[in-house]
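Here's the structure we're looking at; comments come further down.
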Amino acid sequence: MEYDERLALFRQTRLNPFDRGEEEDGPQGGKTPPQHEARPELFSGTRTHSLDRTMDLGLAEDHFSRPMGSFVASDIEQLKLAIEECKKLILELPEHSERQKDTVVKLIHLRLKLQELKDPEEDEPNLRILLEHRFSKEKSKSVKQTCDKCSTIIWGLIQTWYTCTGCYYRCHSKCMNMITKPCVRSKVSHQSEYELSICPEIGLDRQDYRCAECRTPISLRGVPSEARQCDYTGQYYCMTCHWNDTAIVPARVIHNWEFEPRKVCRSSMRYLALMISRPVLKLKEINPLLFNFVEELVEIRKLRQDILLMKPYFITCKEAMEARLLLQLQDRQHFVENDDMYSLQDLIDISSGRLSCSLTEIHTTFAKHIKLDCERCQAKGFVCELCKEGDILFPFDSHTSVCHECSAVFHRDCYYDNSTTCPRCARMTERKQDDDVKDA
């Protein structure tokens, strides 16, 4: 850790509740007696000998050895006194001096030792389950995390904190008993659908002028707490539950084809993040007119329909199975199952053009295997029975038409120009009639 970061850590945590610096009485009502001699190279001569000895108790090198057995209360009180004296000394020493840097390092060590004595690591379980959250204790010492419950910084060096493995809710160990919001992943599992109305506001009066999540009193004037609206739910939240995070709102995408991120509350942000790859949007039912105005959607739908026509070739082809061609779509498994369900991530990628490029490349690879590389797949092609001319046809070719009854393939011009029924369907009907006559 660089010096500036250590100094910032000190300044941010100087008001930590466990080091208020009050001089408390020892077990017999007097001050705790010092145990080591003072170190004149660290403290100035203007300080009293008693304070020097108290400070030295916290800074002596042998004090940081791993404790053997249980500590009595006086050890914690002595550490508090040493921390308070160290904090005062840091403020008095010249800025960026070597002595100040060394003292900051010693202060951090003292805090770590105090935290170890007050809140032993073995007392904190590695896994805790609360309101369907599965909290896992974090080992990272990063200081860049923020507690989702109290909205303060998590100092990984001196504080124990947990992360939910389902919805990534982060909080201090001390804040866990105050959590009231269930895990968002459980909502995703039980109710995998979006709110499809654009910002369905009901008004603060319907919320009794309270936060929709924690029920804290709020108002638009910011007294006692500012009311912040979530563009996804339309409800109002307090500043603790709404951090002005932004996310793309599904309702605006489906109805307006709008991808501008909007401000949402913390719970909505996590829900949208967990739902973004789930194919739960059936566009042709929700907004079928969207295909008339967004050309990219029409292109993607045609590519997906072609891939579904290619799928029977691959699942019966040994070479295709060995090459695992269909695994090229493993991140969008629904593309090989249907052609009408979309995820929010699909729509985002369609708007940016990324999906069109990647899907066109996969379509080309699939078609090349069937029409050029594999003889077994080529043998499953069709010859136009109407004109009996031309190359071998496949149902995914752009110039062909497919009979909806028997899946026979013809040239598009031939099939439309002939008003007669499909020759293959006619043969099958005639054969069935003959069989019925024989059975009679």
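In the structure tokens, chains take letters A, B, ... by order of appearance, with residues numbered from 1 within each chain and ligands from 1 in the order shown.
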
Name the residues of region 244-307 of chain A that come out as strand (DSSP E) in a backbone DSSP run; write them as a PyMOL selection string.
chain A and resi 245-247+262-264+281-282

Just how far from CA of Gln159 (chain A) is CA of Cys86 (chain A), in Å to one decimal?
19.8 Å

Which residue, A:Ile276, A:Val409, A:Leu326, A:Leu196, has the smallest gap to Lys388 (chain A) when you use only C-alpha atoms?
A:Val409

Pick out the residues sitting within 10 Å of Gly203 (chain A), and hand them over as number ranges by chain; count only C-alpha atoms, and ignore anything fewer than 6 positions along from it in its own chain.
A: 209, 229, 234-236

I need the residue nearest Lys380 (chain A) from this list: A:Phe394, A:Leu329, A:Lys101, A:Lys302. Use only C-alpha atoms for the distance.
A:Phe394

Fewer than 2 positions away in the same chain doesn't count, so skip those; otherwise give me all residues within 12 Å of region 398-407 of chain A, counting only C-alpha atoms, as a ChimeraX atom specification.
/A:302-303,305-306,309,367,381-386,390-396,409-417,421-429

Report the residues of region 130-350 of chain A whose backbone DSSP state falls under helix (DSSP H, G or I), written as a VMD selection string.
chain A and resid 173 to 178 184 to 190 250 to 256 266 to 275 283 to 286 290 to 293 295 to 315 318 to 323 325 to 336 344 to 350

Write to file, as a PDB file, in the first residue's frame, the residues of the selection just made, with C-alpha atoms.
ATOM      1  CA  SER A 173     -20.496  -8.282   8.832  1.00  0.00           C
ATOM      2  CA  LYS A 174     -22.011  -5.881  11.375  1.00  0.00           C
ATOM      3  CA  CYS A 175     -24.764  -4.862   8.888  1.00  0.00           C
ATOM      4  CA  MET A 176     -26.005  -8.353   8.054  1.00  0.00           C
ATOM      5  CA  ASN A 177     -28.581  -8.518  10.840  1.00  0.00           C
ATOM      6  CA  MET A 178     -30.174  -5.307   9.536  1.00  0.00           C
ATOM      7  CA  VAL A 184     -32.954 -10.872  -6.046  1.00  0.00           C
ATOM      8  CA  ARG A 185     -31.911 -14.189  -7.590  1.00  0.00           C
ATOM      9  CA  SER A 186     -34.839 -15.896  -5.898  1.00  0.00           C
ATOM     10  CA  LYS A 187     -37.169 -13.452  -7.671  1.00  0.00           C
ATOM     11  CA  VAL A 188     -35.454 -14.256 -10.972  1.00  0.00           C
ATOM     12  CA  SER A 189     -35.955 -17.976 -10.339  1.00  0.00           C
ATOM     13  CA  HIS A 190     -39.625 -17.672  -9.362  1.00  0.00           C
ATOM     14  CA  PRO A 250     -36.563  -3.301 -21.158  1.00  0.00           C
ATOM     15  CA  ALA A 251     -39.917  -1.519 -21.541  1.00  0.00           C
ATOM     16  CA  ARG A 252     -38.269   1.428 -23.310  1.00  0.00           C
ATOM     17  CA  VAL A 253     -36.404  -0.937 -25.631  1.00  0.00           C
ATOM     18  CA  ILE A 254     -39.482  -2.930 -26.631  1.00  0.00           C
ATOM     19  CA  HIS A 255     -41.861  -0.013 -27.121  1.00  0.00           C
ATOM     20  CA  ASN A 256     -39.523   2.788 -28.235  1.00  0.00           C
ATOM     21  CA  ARG A 266     -30.157  -0.895  -6.376  1.00  0.00           C
ATOM     22  CA  SER A 267     -32.558  -3.850  -6.322  1.00  0.00           C
ATOM     23  CA  SER A 268     -33.759  -3.121  -9.877  1.00  0.00           C
ATOM     24  CA  MET A 269     -30.179  -2.818 -11.074  1.00  0.00           C
ATOM     25  CA  ARG A 270     -29.337  -6.275  -9.695  1.00  0.00           C
ATOM     26  CA  TYR A 271     -32.540  -7.783 -11.083  1.00  0.00           C
ATOM     27  CA  LEU A 272     -31.893  -6.390 -14.571  1.00  0.00           C
ATOM     28  CA  ALA A 273     -28.277  -7.579 -14.437  1.00  0.00           C
ATOM     29  CA  LEU A 274     -29.380 -11.135 -13.599  1.00  0.00           C
ATOM     30  CA  MET A 275     -32.153 -11.107 -16.221  1.00  0.00           C
ATOM     31  CA  LEU A 283     -41.465  -9.743 -29.493  1.00  0.00           C
ATOM     32  CA  LYS A 284     -44.069 -10.854 -31.997  1.00  0.00           C
ATOM     33  CA  GLU A 285     -46.641 -10.932 -29.176  1.00  0.00           C
ATOM     34  CA  ILE A 286     -45.470  -7.933 -27.148  1.00  0.00           C
ATOM     35  CA  LEU A 290     -41.348  -3.437 -34.126  1.00  0.00           C
ATOM     36  CA  PHE A 291     -40.305  -5.668 -37.036  1.00  0.00           C
ATOM     37  CA  ASN A 292     -41.760  -3.144 -39.477  1.00  0.00           C
ATOM     38  CA  PHE A 293     -39.520  -0.357 -38.249  1.00  0.00           C
ATOM     39  CA  GLU A 295     -34.648  -3.765 -40.273  1.00  0.00           C
ATOM     40  CA  GLU A 296     -31.980  -5.430 -38.143  1.00  0.00           C
ATOM     41  CA  LEU A 297     -34.661  -7.458 -36.351  1.00  0.00           C
ATOM     42  CA  VAL A 298     -35.918  -8.849 -39.665  1.00  0.00           C
ATOM     43  CA  GLU A 299     -32.378  -9.849 -40.635  1.00  0.00           C
ATOM     44  CA  ILE A 300     -31.742 -11.588 -37.329  1.00  0.00           C
ATOM     45  CA  ARG A 301     -35.069 -13.425 -37.498  1.00  0.00           C
ATOM     46  CA  LYS A 302     -34.192 -14.798 -40.973  1.00  0.00           C
ATOM     47  CA  LEU A 303     -30.760 -15.966 -39.788  1.00  0.00           C
ATOM     48  CA  ARG A 304     -32.319 -17.689 -36.788  1.00  0.00           C
ATOM     49  CA  GLN A 305     -34.906 -19.412 -38.984  1.00  0.00           C
ATOM     50  CA  ASP A 306     -32.119 -20.669 -41.256  1.00  0.00           C
ATOM     51  CA  ILE A 307     -30.161 -22.009 -38.287  1.00  0.00           C
ATOM     52  CA  LEU A 308     -33.216 -23.951 -37.114  1.00  0.00           C
ATOM     53  CA  LEU A 309     -33.439 -25.491 -40.603  1.00  0.00           C
ATOM     54  CA  MET A 310     -29.747 -26.456 -40.419  1.00  0.00           C
ATOM     55  CA  LYS A 311     -30.048 -28.056 -37.000  1.00  0.00           C
ATOM     56  CA  PRO A 312     -31.521 -31.420 -38.240  1.00  0.00           C
ATOM     57  CA  TYR A 313     -28.513 -31.817 -40.544  1.00  0.00           C
ATOM     58  CA  PHE A 314     -26.067 -31.404 -37.655  1.00  0.00           C
ATOM     59  CA  ILE A 315     -27.739 -33.687 -35.126  1.00  0.00           C
ATOM     60  CA  LYS A 318     -21.229 -37.559 -37.216  1.00  0.00           C
ATOM     61  CA  GLU A 319     -18.681 -35.052 -38.458  1.00  0.00           C
ATOM     62  CA  ALA A 320     -20.761 -32.102 -37.277  1.00  0.00           C
ATOM     63  CA  MET A 321     -21.172 -33.678 -33.851  1.00  0.00           C
ATOM     64  CA  GLU A 322     -17.439 -34.299 -33.561  1.00  0.00           C
ATOM     65  CA  ALA A 323     -16.708 -30.716 -34.642  1.00  0.00           C
ATOM     66  CA  LEU A 325     -20.607 -26.901 -34.562  1.00  0.00           C
ATOM     67  CA  LEU A 326     -23.734 -26.121 -32.574  1.00  0.00           C
ATOM     68  CA  LEU A 327     -21.571 -25.141 -29.584  1.00  0.00           C
ATOM     69  CA  GLN A 328     -20.741 -21.939 -31.426  1.00  0.00           C
ATOM     70  CA  LEU A 329     -24.146 -20.789 -30.149  1.00  0.00           C
ATOM     71  CA  GLN A 330     -23.742 -22.016 -26.576  1.00  0.00           C
ATOM     72  CA  ASP A 331     -23.978 -18.461 -25.238  1.00  0.00           C
ATOM     73  CA  ARG A 332     -27.356 -18.081 -26.989  1.00  0.00           C
ATOM     74  CA  GLN A 333     -28.803 -21.552 -26.587  1.00  0.00           C
ATOM     75  CA  HIS A 334     -32.312 -20.312 -27.393  1.00  0.00           C
ATOM     76  CA  PHE A 335     -31.182 -19.626 -30.986  1.00  0.00           C
ATOM     77  CA  VAL A 336     -31.150 -23.378 -31.666  1.00  0.00           C
ATOM     78  CA  LEU A 344     -32.465  -8.057 -23.463  1.00  0.00           C
ATOM     79  CA  GLN A 345     -28.804  -8.660 -24.311  1.00  0.00           C
ATOM     80  CA  ASP A 346     -29.867  -9.881 -27.786  1.00  0.00           C
ATOM     81  CA  LEU A 347     -31.700  -6.620 -28.423  1.00  0.00           C
ATOM     82  CA  ILE A 348     -28.768  -4.561 -27.158  1.00  0.00           C
ATOM     83  CA  ASP A 349     -26.392  -6.448 -29.471  1.00  0.00           C
ATOM     84  CA  ILE A 350     -28.803  -6.087 -32.403  1.00  0.00           C
TER      85      ILE A 350
END

As a check of understanding: the span from CA of Cys211 (chain A) to CA of Trp155 (chain A) is 27.8 Å

Could you tell me how far CA of Ile362 (chain A) lies from CA of Trp257 (chain A), in Å and to one decimal?
25.8 Å
